[in-house]
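J.: Quick one: structure below, then a few questions.
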Amino acid sequence: MWNSGNATLIHIDVIPAETDNRYLPDAELVGDIAATVRKLAARITAPLQLTPEAATILEDRQQQRKLLAMQGASLNQFALHPLRIVRAMQDIINSDVSLTVDMGSFHIWIARYLYSFRARQIMISNGQQTMGVALPWAIGAWLVEPQRKVVSVSGDGGFLQSSMELETAVRLKANILHIVWVDNAYNMVAMQEEKKISPRLGRQFWAGRFQSLCRSVWGSGLCGDQCGRAGADAA
């Protein structure tokens, strides 16, 4: 485990620690995290030096990011490779953007290869569940911070479970970009079925034309021209 050594463990958060056998903080600093860090920084009288081991780890991670970016950019075949999509998303997921992620096999690619650099920037479901949540989450994230751009991602199966919320997003004029990964199947469900039940038990479906769906919401007159174009392009 990461904390199996003899290091002093300090818990810094807005809420008290949830202790267990592997997480027993020696001290807890509960309150505004930014204010806590600023007060701690003010007590540091000399620059901290990274150990050679820590510096090696950071250099390795930086090199891995460069190689990942190069590999993703080189995958220009059709159909689109998941890593190429993640690479394109990395260009738009900056610190001013919030990201909400649905559940599906694409979730693994994003969780493994997409980097974020702001606390609570990505809302993602751990535990392999809750399909259809990305678009409603995105609307909620935009309502909380309407000054931020919000990107939400789902598979075609998850999108069809909550696509009716496009009406809500358009009516509220929410500043949301929604990305749909399409394979016309419940792909992660299929993986489990092949292991446990049957390789052909209701996993395929016809996903439909998402652009037509978005344009129909736009054509309802619930929002202006700019909002409608954004909704149609998102699909």
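Chain labels run A, B, ... following the order of the structure tokens; each chain numbers its residues from 1, and ligands are numbered from 1 in the order shown.
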Could you produce a table of the residues of range 33-118 of chain A lying within 9 Å of range 143-155 of chain A, with the nearest pair of atoms per residue and their separation in Å rounded to one decimal, using only C-alpha atoms, ordered by chain and increasing residue number, as a tab-separated table?
T.:
```
residue	atom	partner	partner_atom	distance
A:Ile92	CA	A:Val151	CA	8.9
A:Ile93	CA	A:Val151	CA	8.0
A:Asp96	CA	A:Arg148	CA	6.1
A:Val97	CA	A:Lys149	CA	5.0
A:Ser98	CA	A:Val150	CA	4.8
A:Leu99	CA	A:Val151	CA	4.9
A:Thr100	CA	A:Ser152	CA	4.6
A:Val101	CA	A:Val153	CA	5.0
A:Asp102	CA	A:Ser154	CA	4.8
A:Met103	CA	A:Ser154	CA	6.9
A:Gly104	CA	A:Gly155	CA	6.3
A:Ser105	CA	A:Gly155	CA	8.2
A:Phe106	CA	A:Gly155	CA	7.1
A:His107	CA	A:Ser154	CA	8.2
```
J.: Pick out each residue of range 8-235 of chain A that DSSP on the backbone tags as strand (DSSP E or B); I need them as a PyMOL selection string.
T.: chain A and resi 10-13+20+23+27-30+97-101+122-124+149-155+176-181+185+204
J.: Write the residues of the preceding selection, restricted to C-alpha atoms, as a compact mmCIF listing (two decimals), in the first residue's frame.
T.:
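again.txt was written with the following content:
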```
# COMPACT_ATOMS: atom_id res chain seq x y z
CA ILE A 10 -1.40 14.44 7.56
CA HIS A 11 -5.03 14.66 6.40
CA ILE A 12 -5.88 17.98 4.69
CA ASP A 13 -9.50 18.31 3.56
CA ASP A 20 -9.76 2.59 8.36
CA TYR A 23 -5.80 5.32 6.63
CA ALA A 27 -2.98 14.80 12.33
CA GLU A 28 -5.96 16.37 10.55
CA LEU A 29 -6.15 19.90 9.15
CA VAL A 30 -9.86 20.35 8.43
CA VAL A 97 -13.34 23.19 -18.24
CA SER A 98 -15.29 20.72 -16.13
CA LEU A 99 -15.75 17.15 -17.40
CA THR A 100 -18.51 14.65 -16.60
CA VAL A 101 -18.05 11.02 -17.65
CA ILE A 122 -13.71 15.49 -13.46
CA MET A 123 -16.93 13.91 -12.23
CA ILE A 124 -16.63 10.18 -12.88
CA LYS A 149 -17.49 25.40 -19.99
CA VAL A 150 -18.69 21.84 -19.33
CA VAL A 151 -17.87 18.80 -21.47
CA SER A 152 -19.80 15.58 -20.92
CA VAL A 153 -19.03 12.18 -22.45
CA SER A 154 -21.16 9.09 -22.87
CA GLY A 155 -21.48 5.99 -24.98
CA ILE A 176 -22.34 22.20 -22.60
CA LEU A 177 -20.52 20.12 -25.20
CA HIS A 178 -21.62 16.48 -25.20
CA ILE A 179 -19.49 13.80 -26.87
CA VAL A 180 -21.03 10.44 -27.80
CA TRP A 181 -18.87 7.35 -28.43
CA ALA A 185 -23.82 -1.91 -28.50
CA GLN A 204 -26.57 -4.92 -29.91
```
J.: Give me, as a PyMOL selection string, all polymer residues having an atom no more than 8 Å from Val86 in chain A, counting only C-alpha atoms and skipping those fewer than 2 positions away in the same chain.
T.: chain A and resi 72+82-84+88-90+109-110+113-114
J.: Could you check the closest approach to Tyr186 in chain A for each of A:Ala35, A:Leu40, A:Leu166, A:Met131 and tell me which residue wins, using only C-alpha atoms?
T.: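 Ranked by minimum distance to Tyr186 in chain A, first place goes to A:Met131.
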J.: Using backbone DSSP assignments, extract all alpha helix (DSSP H) residues from range 1-209 of chain A; output them as a ChimeraX atom specification.
T.: /A:33-42,52-74,82-92,105-113,134-144,156-162,166-172,187-196
J.: Find the distance between CA of Leu80 in chain A and CA of Glu167 in chain A and write it in Å to one decimal.
T.: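 Separation between CA of Leu80 in chain A and CA of Glu167 in chain A: 28.8 Å.
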J.: Quick one, how far is CA of Gly132 in chain A from CA of Gln161 in chain A?
T.: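 Between CA of Gly132 in chain A and CA of Gln161 in chain A the gap works out to 5.3 Å.
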